[in-house]
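What's in run39.csv: CSV, N, CA and C atoms
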chain,number,residue,atom,x,y,z
A,751,MET,N,-4.4,-17.7,-32.6
A,751,MET,CA,-5.7,-17.0,-32.3
A,751,MET,C,-5.9,-16.7,-30.8
A,752,ASP,N,-5.5,-17.7,-30.0
A,752,ASP,CA,-5.7,-17.5,-28.5
A,752,ASP,C,-4.8,-16.3,-28.0
A,753,ASP,N,-3.6,-16.1,-28.6
A,753,ASP,CA,-2.8,-15.0,-28.1
A,753,ASP,C,-3.4,-13.7,-28.5
A,754,ALA,N,-3.9,-13.6,-29.7
A,754,ALA,CA,-4.6,-12.3,-30.1
A,754,ALA,C,-5.8,-12.0,-29.2
A,755,ASN,N,-6.5,-13.0,-28.8
A,755,ASN,CA,-7.7,-12.8,-28.0
A,755,ASN,C,-7.2,-12.4,-26.6
A,756,SER,N,-6.2,-13.0,-26.1
A,756,SER,CA,-5.7,-12.7,-24.7
A,756,SER,C,-5.2,-11.3,-24.7
A,757,ILE,N,-4.5,-10.9,-25.7
A,757,ILE,CA,-4.0,-9.5,-25.8
A,757,ILE,C,-5.1,-8.5,-25.9
A,758,MET,N,-6.2,-8.8,-26.6
A,758,MET,CA,-7.3,-7.9,-26.7
A,758,MET,C,-8.0,-7.8,-25.4
A,759,LEU,N,-8.2,-8.9,-24.6
A,759,LEU,CA,-8.8,-8.8,-23.3
A,759,LEU,C,-7.9,-8.0,-22.3
A,760,ALA,N,-6.6,-8.2,-22.4
A,760,ALA,CA,-5.7,-7.4,-21.5
A,760,ALA,C,-5.8,-6.0,-21.8
A,761,LEU,N,-5.8,-5.6,-23.1
A,761,LEU,CA,-5.8,-4.2,-23.5
A,761,LEU,C,-7.1,-3.6,-23.1
A,762,THR,N,-8.2,-4.3,-23.2
A,762,THR,CA,-9.5,-3.8,-22.7
A,762,THR,C,-9.5,-3.5,-21.3
A,763,HIS,N,-8.9,-4.4,-20.5
A,763,HIS,CA,-8.8,-4.2,-19.0
A,763,HIS,C,-8.0,-3.0,-18.7
A,764,TYR,N,-6.8,-2.9,-19.4
A,764,TYR,CA,-5.9,-1.8,-19.1
A,764,TYR,C,-6.5,-0.4,-19.6
A,765,TYR,N,-7.3,-0.5,-20.6
A,765,TYR,CA,-7.9,0.7,-21.1
A,765,TYR,C,-8.9,1.3,-20.1
A,766,VAL,N,-9.7,0.4,-19.5
A,766,VAL,CA,-10.7,0.8,-18.5
A,766,VAL,C,-10.1,1.3,-17.3
A,767,ALA,N,-9.0,0.6,-16.8
A,767,ALA,CA,-8.3,1.1,-15.6
A,767,ALA,C,-7.6,2.4,-15.9
A,768,ALA,N,-7.0,2.6,-17.0
A,768,ALA,CA,-6.3,3.9,-17.3
A,768,ALA,C,-7.3,5.0,-17.4
A,769,TRP,N,-8.5,4.8,-18.0
A,769,TRP,CA,-9.5,5.8,-18.1
A,769,TRP,C,-10.0,6.2,-16.7
A,770,ARG,N,-10.2,5.2,-15.9
A,770,ARG,CA,-10.7,5.5,-14.5
A,770,ARG,C,-9.7,6.3,-13.7
A,771,LEU,N,-8.4,5.9,-13.8
A,771,LEU,CA,-7.4,6.7,-13.1
A,771,LEU,C,-7.3,8.1,-13.6
A,772,LEU,N,-7.3,8.3,-14.9
A,772,LEU,CA,-7.3,9.7,-15.4
A,772,LEU,C,-8.5,10.5,-14.9
A,773,TYR,N,-9.7,9.8,-14.9
A,773,TYR,CA,-10.9,10.4,-14.4
A,773,TYR,C,-10.8,10.8,-12.9
A,774,ILE,N,-10.2,9.9,-12.1
A,774,ILE,CA,-10.0,10.2,-10.7
A,774,ILE,C,-9.1,11.4,-10.5
A,775,ASP,N,-8.0,11.3,-11.3
A,775,ASP,CA,-7.0,12.4,-11.2
A,775,ASP,C,-7.6,13.8,-11.6
A,776,TYR,N,-8.3,13.8,-12.7
A,776,TYR,CA,-8.9,15.0,-13.1
A,776,TYR,C,-9.9,15.6,-12.1
A,777,ASP,N,-10.8,14.7,-11.6
A,777,ASP,CA,-11.8,15.1,-10.6
A,777,ASP,C,-11.1,15.6,-9.3
A,778,ALA,N,-10.0,15.0,-8.9
A,778,ALA,CA,-9.3,15.4,-7.7
A,778,ALA,C,-8.7,16.7,-7.8
A,779,ARG,N,-8.2,17.0,-9.0
A,779,ARG,CA,-7.6,18.3,-9.3
A,779,ARG,C,-8.7,19.5,-9.4
A,780,THR,N,-9.8,19.1,-10.0
A,780,THR,CA,-10.8,20.2,-10.3
A,780,THR,C,-11.8,20.3,-9.1
A,781,GLN,N,-12.1,19.2,-8.4
A,781,GLN,CA,-13.0,19.3,-7.3
A,781,GLN,C,-12.5,18.5,-6.0
A,782,PRO,N,-11.4,19.1,-5.5
A,782,PRO,CA,-10.7,18.4,-4.4
A,782,PRO,C,-11.6,18.1,-3.1
A,783,ASN,N,-12.6,19.0,-2.9
A,783,ASN,CA,-13.5,18.8,-1.7
A,783,ASN,C,-14.7,18.0,-2.0
A,784,ALA,N,-14.8,17.4,-3.2
A,784,ALA,CA,-16.0,16.6,-3.5
A,784,ALA,C,-16.0,15.4,-2.6
A,785,PHE,N,-17.2,14.8,-2.5
A,785,PHE,CA,-17.3,13.5,-1.8
A,785,PHE,C,-16.6,12.4,-2.5
A,786,PRO,N,-15.8,11.6,-1.9
A,786,PRO,CA,-15.1,10.5,-2.6
A,786,PRO,C,-16.0,9.5,-3.3
A,787,ARG,N,-17.2,9.4,-2.8
A,787,ARG,CA,-18.1,8.4,-3.5
A,787,ARG,C,-18.5,8.8,-4.9
A,788,ALA,N,-18.1,10.0,-5.3
A,788,ALA,CA,-18.3,10.5,-6.7
A,788,ALA,C,-17.5,9.6,-7.7
A,789,VAL,N,-16.3,9.1,-7.2
A,789,VAL,CA,-15.5,8.3,-8.1
A,789,VAL,C,-15.0,7.0,-7.5
A,790,PHE,N,-15.1,6.8,-6.2
A,790,PHE,CA,-14.6,5.6,-5.6
A,790,PHE,C,-15.8,4.8,-5.1
A,791,ARG,N,-15.7,3.5,-5.2
A,791,ARG,CA,-16.8,2.6,-4.7
A,791,ARG,C,-16.7,2.6,-3.2
A,792,PRO,N,-17.8,2.3,-2.5
A,792,PRO,CA,-17.9,2.3,-1.1
A,792,PRO,C,-16.8,1.4,-0.4
A,793,LEU,N,-16.6,0.2,-1.0
A,793,LEU,CA,-15.6,-0.7,-0.5
A,793,LEU,C,-14.2,-0.2,-0.6
A,794,GLU,N,-13.9,0.6,-1.7
A,794,GLU,CA,-12.6,1.2,-1.9
A,794,GLU,C,-12.4,2.3,-0.9
A,795,ILE,N,-13.4,3.0,-0.6
A,795,ILE,CA,-13.3,4.1,0.5
A,795,ILE,C,-13.0,3.4,1.8
A,796,GLU,N,-13.7,2.3,2.1
A,796,GLU,CA,-13.5,1.6,3.3
A,796,GLU,C,-12.1,1.1,3.4
A,797,VAL,N,-11.5,0.5,2.4
A,797,VAL,CA,-10.1,0.1,2.4
A,797,VAL,C,-9.2,1.2,2.6
A,798,LEU,N,-9.4,2.3,2.0
A,798,LEU,CA,-8.5,3.5,2.2
A,798,LEU,C,-8.6,4.0,3.6
A,799,ALA,N,-9.8,4.0,4.2
A,799,ALA,CA,-10.0,4.4,5.6
A,799,ALA,C,-9.3,3.5,6.5
A,800,MET,N,-9.3,2.2,6.3
A,800,MET,CA,-8.7,1.2,7.1
A,800,MET,C,-7.1,1.5,7.1
A,801,ILE,N,-6.6,1.7,5.9
A,801,ILE,CA,-5.2,2.0,5.8
A,801,ILE,C,-4.8,3.3,6.5
A,802,GLU,N,-5.6,4.3,6.3
A,802,GLU,CA,-5.3,5.6,6.9
A,802,GLU,C,-5.6,5.7,8.4
A,803,LYS,N,-6.5,4.8,8.8
A,803,LYS,CA,-6.9,4.8,10.2
A,803,LYS,C,-7.7,6.0,10.6
A,804,ARG,N,-8.5,6.5,9.6
A,804,ARG,CA,-9.4,7.7,9.8
A,804,ARG,C,-10.4,7.7,8.6
A,805,ARG,N,-11.5,8.4,8.8
A,805,ARG,CA,-12.5,8.5,7.8
A,805,ARG,C,-11.9,9.3,6.6
A,806,ILE,N,-12.4,8.9,5.4
A,806,ILE,CA,-12.0,9.6,4.2
A,806,ILE,C,-13.2,10.5,3.8
A,807,ARG,N,-13.0,11.8,3.9
A,807,ARG,CA,-14.1,12.7,3.8
A,807,ARG,C,-14.2,13.4,2.4
A,808,THR,N,-13.0,13.6,1.8
A,808,THR,CA,-12.9,14.3,0.5
A,808,THR,C,-12.3,13.5,-0.5
A,809,LEU,N,-12.5,13.9,-1.8
A,809,LEU,CA,-11.9,13.2,-2.9
A,809,LEU,C,-10.3,13.4,-2.8
A,810,SER,N,-9.9,14.6,-2.5
A,810,SER,CA,-8.4,14.8,-2.4
A,810,SER,C,-7.8,13.9,-1.4
A,811,SER,N,-8.4,13.7,-0.2
A,811,SER,CA,-7.9,12.8,0.8
A,811,SER,C,-7.9,11.3,0.4
A,812,ALA,N,-8.9,10.9,-0.4
A,812,ALA,CA,-9.0,9.6,-0.9
A,812,ALA,C,-7.8,9.3,-2.0
A,813,VAL,N,-7.6,10.3,-2.8
A,813,VAL,CA,-6.5,10.2,-3.8
A,813,VAL,C,-5.2,10.2,-3.1
A,814,ALA,N,-5.0,11.0,-2.1
A,814,ALA,CA,-3.7,11.0,-1.4
A,814,ALA,C,-3.5,9.7,-0.7
A,815,ALA,N,-4.5,9.1,-0.1
A,815,ALA,CA,-4.4,7.8,0.5
A,815,ALA,C,-4.1,6.7,-0.5
A,816,MET,N,-4.7,6.7,-1.6
A,816,MET,CA,-4.4,5.8,-2.7
A,816,MET,C,-3.0,5.9,-3.2
A,817,ALA,N,-2.6,7.2,-3.4
A,817,ALA,CA,-1.2,7.5,-3.9
A,817,ALA,C,-0.2,7.0,-2.9
A,818,LYS,N,-0.5,7.1,-1.6
A,818,LYS,CA,0.5,6.7,-0.5
A,818,LYS,C,0.7,5.2,-0.7
A,819,LEU,N,-0.3,4.4,-1.1
A,819,LEU,CA,-0.1,3.0,-1.3
A,819,LEU,C,0.9,2.7,-2.4
A,820,GLY,N,1.0,3.7,-3.3
A,820,GLY,CA,2.0,3.6,-4.4
A,820,GLY,C,3.3,4.2,-4.2
A,821,GLY,N,3.5,4.7,-2.9
A,821,GLY,CA,4.8,5.2,-2.6
A,821,GLY,C,4.9,6.8,-2.5
A,822,TYR,N,3.8,7.4,-2.7
A,822,TYR,CA,3.7,8.9,-2.6
A,822,TYR,C,4.1,9.4,-1.2
A,823,GLN,N,4.9,10.3,-1.1
A,823,GLN,CA,5.3,10.9,0.1
A,823,GLN,C,4.6,12.2,0.3
A,824,LEU,N,3.6,12.2,1.3
A,824,LEU,CA,2.8,13.4,1.5
A,824,LEU,C,3.5,14.3,2.6
A,825,TYR,N,3.8,15.5,2.2
A,825,TYR,CA,4.3,16.5,3.2
A,825,TYR,C,3.6,17.8,2.9
A,826,LYS,N,3.9,18.8,3.7
A,826,LYS,CA,3.2,20.1,3.7
A,826,LYS,C,3.0,20.7,2.3
A,827,HIS,N,4.0,20.9,1.6
A,827,HIS,CA,4.0,21.5,0.3
A,827,HIS,C,4.2,20.5,-0.9
A,828,ALA,N,3.8,19.3,-0.7
A,828,ALA,CA,4.0,18.3,-1.7
A,828,ALA,C,3.2,18.5,-2.9
A,829,PRO,N,3.7,18.3,-4.1
A,829,PRO,CA,2.9,18.5,-5.3
A,829,PRO,C,1.9,17.3,-5.4
A,830,LEU,N,0.9,17.5,-6.2
A,830,LEU,CA,-0.1,16.4,-6.3
A,830,LEU,C,0.5,15.2,-6.9
A,831,PRO,N,0.0,14.0,-6.5
A,831,PRO,CA,0.7,12.7,-7.0
A,831,PRO,C,0.6,12.6,-8.5
A,832,GLY,N,1.6,12.0,-9.0
A,832,GLY,CA,1.6,11.7,-10.5
A,832,GLY,C,0.9,10.5,-10.8
A,833,ILE,N,0.7,10.3,-12.1
A,833,ILE,CA,-0.1,9.1,-12.5
A,833,ILE,C,0.6,7.8,-12.3
A,834,LYS,N,1.9,7.7,-12.4
A,834,LYS,CA,2.6,6.5,-12.1
A,834,LYS,C,2.4,6.0,-10.7
A,835,VAL,N,2.5,6.9,-9.7
A,835,VAL,CA,2.3,6.6,-8.3
A,835,VAL,C,0.9,6.2,-8.1
A,836,MET,N,0.0,6.8,-8.8
A,836,MET,CA,-1.5,6.5,-8.6
A,836,MET,C,-1.8,5.1,-9.2
A,837,VAL,N,-1.1,4.8,-10.3
A,837,VAL,CA,-1.3,3.4,-10.9
A,837,VAL,C,-0.9,2.4,-9.9
A,838,GLU,N,0.3,2.6,-9.3
A,838,GLU,CA,0.8,1.6,-8.3
A,838,GLU,C,-0.2,1.5,-7.1
A,839,GLY,N,-0.6,2.7,-6.6
A,839,GLY,CA,-1.5,2.7,-5.5
A,839,GLY,C,-2.9,2.1,-5.8
A,840,TYR,N,-3.4,2.3,-7.0
A,840,TYR,CA,-4.6,1.8,-7.5
A,840,TYR,C,-4.6,0.3,-7.5
A,841,SER,N,-3.5,-0.2,-8.0
A,841,SER,CA,-3.2,-1.7,-8.0
A,841,SER,C,-3.3,-2.3,-6.6
A,842,ARG,N,-2.6,-1.7,-5.7
A,842,ARG,CA,-2.5,-2.2,-4.3
A,842,ARG,C,-3.9,-2.1,-3.7
A,843,MET,N,-4.6,-1.0,-3.9
A,843,MET,CA,-5.9,-0.8,-3.4
A,843,MET,C,-6.9,-1.9,-3.9
A,844,GLU,N,-6.8,-2.2,-5.2
A,844,GLU,CA,-7.6,-3.3,-5.7
A,844,GLU,C,-7.3,-4.6,-5.0
A,845,ASP,N,-6.0,-4.9,-4.8
A,845,ASP,CA,-5.6,-6.1,-4.2
A,845,ASP,C,-6.1,-6.2,-2.7
A,846,MET,N,-6.0,-5.1,-2.0
A,846,MET,CA,-6.6,-5.1,-0.7
A,846,MET,C,-8.1,-5.2,-0.6
A,847,GLU,N,-8.7,-4.7,-1.6
A,847,GLU,CA,-10.2,-4.8,-1.7
A,847,GLU,C,-10.5,-6.3,-1.9
A,848,SER,N,-9.8,-7.0,-2.8
A,848,SER,CA,-10.1,-8.4,-3.0
A,848,SER,C,-9.8,-9.2,-1.8
A,849,ILE,N,-8.8,-8.9,-1.1
A,849,ILE,CA,-8.5,-9.6,0.2
A,849,ILE,C,-9.6,-9.4,1.2
A,850,LEU,N,-10.1,-8.2,1.3
A,850,LEU,CA,-11.2,-7.9,2.3
A,850,LEU,C,-12.4,-8.7,1.9
A,851,ILE,N,-12.8,-8.7,0.6
A,851,ILE,CA,-13.9,-9.5,0.2
A,851,ILE,C,-13.8,-11.0,0.5
A,852,ILE,N,-12.6,-11.5,0.2
A,852,ILE,CA,-12.4,-13.0,0.5
A,852,ILE,C,-12.5,-13.2,2.0
A,853,GLU,N,-11.9,-12.4,2.8
A,853,GLU,CA,-11.9,-12.6,4.2
A,853,GLU,C,-13.3,-12.5,4.8
A,854,ARG,N,-14.1,-11.5,4.3
A,854,ARG,CA,-15.5,-11.4,4.8
A,854,ARG,C,-16.3,-12.6,4.4
A,855,ARG,N,-16.1,-13.2,3.2
A,855,ARG,CA,-16.8,-14.4,2.8
A,855,ARG,C,-16.4,-15.6,3.7
A,856,ARG,N,-15.1,-15.7,4.0
A,856,ARG,CA,-14.6,-16.7,4.8
A,856,ARG,C,-15.2,-16.6,6.2
A,857,ARG,N,-15.2,-15.4,6.8
A,857,ARG,CA,-15.8,-15.2,8.1
A,857,ARG,C,-17.3,-15.5,8.1
A,858,ARG,N,-18.0,-15.1,7.1
A,858,ARG,CA,-19.4,-15.4,7.0
A,858,ARG,C,-19.7,-16.9,7.0
A,859,ARG,N,-18.9,-17.6,6.3
A,859,ARG,CA,-19.1,-19.1,6.2
A,859,ARG,C,-18.8,-19.7,7.6
A,860,HIS,N,-17.8,-19.2,8.3
A,860,HIS,CA,-17.4,-19.8,9.5
A,860,HIS,C,-18.1,-19.1,10.8
A,861,GLY,N,-18.9,-18.1,10.5
A,861,GLY,CA,-19.6,-17.5,11.6
A,861,GLY,C,-18.6,-16.7,12.6
A,862,ALA,N,-17.5,-16.2,12.0
A,862,ALA,CA,-16.6,-15.4,12.8
A,862,ALA,C,-17.0,-14.0,12.9
A,863,LYS,N,-16.2,-13.2,13.7
A,863,LYS,CA,-16.5,-11.8,14.0
A,863,LYS,C,-16.4,-11.0,12.6
A,864,LYS,N,-17.3,-10.0,12.5
A,864,LYS,CA,-17.3,-9.2,11.3
A,864,LYS,C,-16.2,-8.2,11.2
A,865,ILE,N,-15.6,-8.0,10.0
A,865,ILE,CA,-14.6,-7.0,9.8
A,865,ILE,C,-15.2,-5.7,9.4
Could you render the structure as structure tokens?
Amino acid sequence: MDDANSIMLALTHYYVAAWRLLYIDYDARTQPNAFPRAVFRPLEIEVLAMIEKRRIRTLSSAVAAMAKLGGYQLYKHAPLPGIKVMVEGYSRMEDMESILIIERRRRRRHGAKKI
């Protein structure tokens, strides 16, 4: 019974993540100049901006930054990133977001400089 419950929980998580990635992909293709906050959380945008070392102003630039984390090679006439690259980038972005949250909590407890 435990195995079936674990599988159901995992599938639920994967379903939500897959839906979100397809939603991000669709919006980036149909509204590339939209504000990234339409589909990304503020902390996710902050993580992408830290990685890119510049502000993320559009949805297409946020998706490109996330896809780069998954190995996407951006060049002048590059096609839009595929879903496999976006899954890998999304996973890494989530990991970086978690690290940033943990580090901020640690610094808050110890009174260190803000990140």
**OP:** For atom C of Ala817 (chain A) and atom C of Glu794 (chain A), quote the distance in Å rounded to one decimal.
**Re:** 13.2 Å
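Counting from atom C of Ser841 (chain A), the distance to CA of Val789 (chain A) is 16.2 Å.
Taking CA of Glu802 (chain A) and atom N of Ile851 (chain A) as endpoints, the distance between them is 17.3 Å.
Residues lying within 5 Å of region 770-784 of chain A, counting only N, CA and C atoms and ignoring same-chain neighbours fewer than 2 positions away, are Val766, Ala767, Ala768, Pro786, Thr808, Leu809 and Ser810 of chain A.
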Go ahead and write the residues just picked, N, CA and C atoms, as a PDB file, keeping the file's coordinate frame.
ATOM      1  N   VAL A 766      -9.700   0.400 -19.500  1.00  0.00           N
ATOM      2  CA  VAL A 766     -10.700   0.800 -18.500  1.00  0.00           C
ATOM      3  C   VAL A 766     -10.100   1.300 -17.300  1.00  0.00           C
ATOM      4  N   ALA A 767      -9.000   0.600 -16.800  1.00  0.00           N
ATOM      5  CA  ALA A 767      -8.300   1.100 -15.600  1.00  0.00           C
ATOM      6  C   ALA A 767      -7.600   2.400 -15.900  1.00  0.00           C
ATOM      7  N   ALA A 768      -7.000   2.600 -17.000  1.00  0.00           N
ATOM      8  CA  ALA A 768      -6.300   3.900 -17.300  1.00  0.00           C
ATOM      9  C   ALA A 768      -7.300   5.000 -17.400  1.00  0.00           C
ATOM     10  N   PRO A 786     -15.800  11.600  -1.900  1.00  0.00           N
ATOM     11  CA  PRO A 786     -15.100  10.500  -2.600  1.00  0.00           C
ATOM     12  C   PRO A 786     -16.000   9.500  -3.300  1.00  0.00           C
ATOM     13  N   THR A 808     -13.000  13.600   1.800  1.00  0.00           N
ATOM     14  CA  THR A 808     -12.900  14.300   0.500  1.00  0.00           C
ATOM     15  C   THR A 808     -12.300  13.500  -0.500  1.00  0.00           C
ATOM     16  N   LEU A 809     -12.500  13.900  -1.800  1.00  0.00           N
ATOM     17  CA  LEU A 809     -11.900  13.200  -2.900  1.00  0.00           C
ATOM     18  C   LEU A 809     -10.300  13.400  -2.800  1.00  0.00           C
ATOM     19  N   SER A 810      -9.900  14.600  -2.500  1.00  0.00           N
ATOM     20  CA  SER A 810      -8.400  14.800  -2.400  1.00  0.00           C
ATOM     21  C   SER A 810      -7.800  13.900  -1.400  1.00  0.00           C
TER      22      SER A 810
END
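For region 797-799 of chain A, the residues within 7 Å (counting all atoms listed in the file, excluding itself and residues fewer than 4 positions away along the chain) are Pro792, Leu793, Lys803, Arg804, Arg805, Ile806, Ala812, Ala815, Met816, Met846 and Glu847 of chain A.
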Original post:
If you run DSSP on this backbone, which residues of chain A come out as helix (DSSP H, G or I), and could you give them as an MDAnalysis selection string?
Top reply: chainID A and resid 752:780 786:788 792:802 809:819 833:860
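Between Val835 (chain A) and the residues A:Gly820, A:Arg855, A:Phe790, A:Thr762, the shortest atom-to-atom distance, using only N, CA and C atoms, involves A:Gly820.
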Quick one: axis-aligned box around all listed atoms of region 841-853 of chain A, 5 Å on every side, centre and edge lengths in Å to one decimal, written as lines of an AutoDock Vina configuration file.
center_x = -8.2
center_y = -6.7
center_z = -1.6
size_x = 21.4
size_y = 23.0
size_z = 22.8
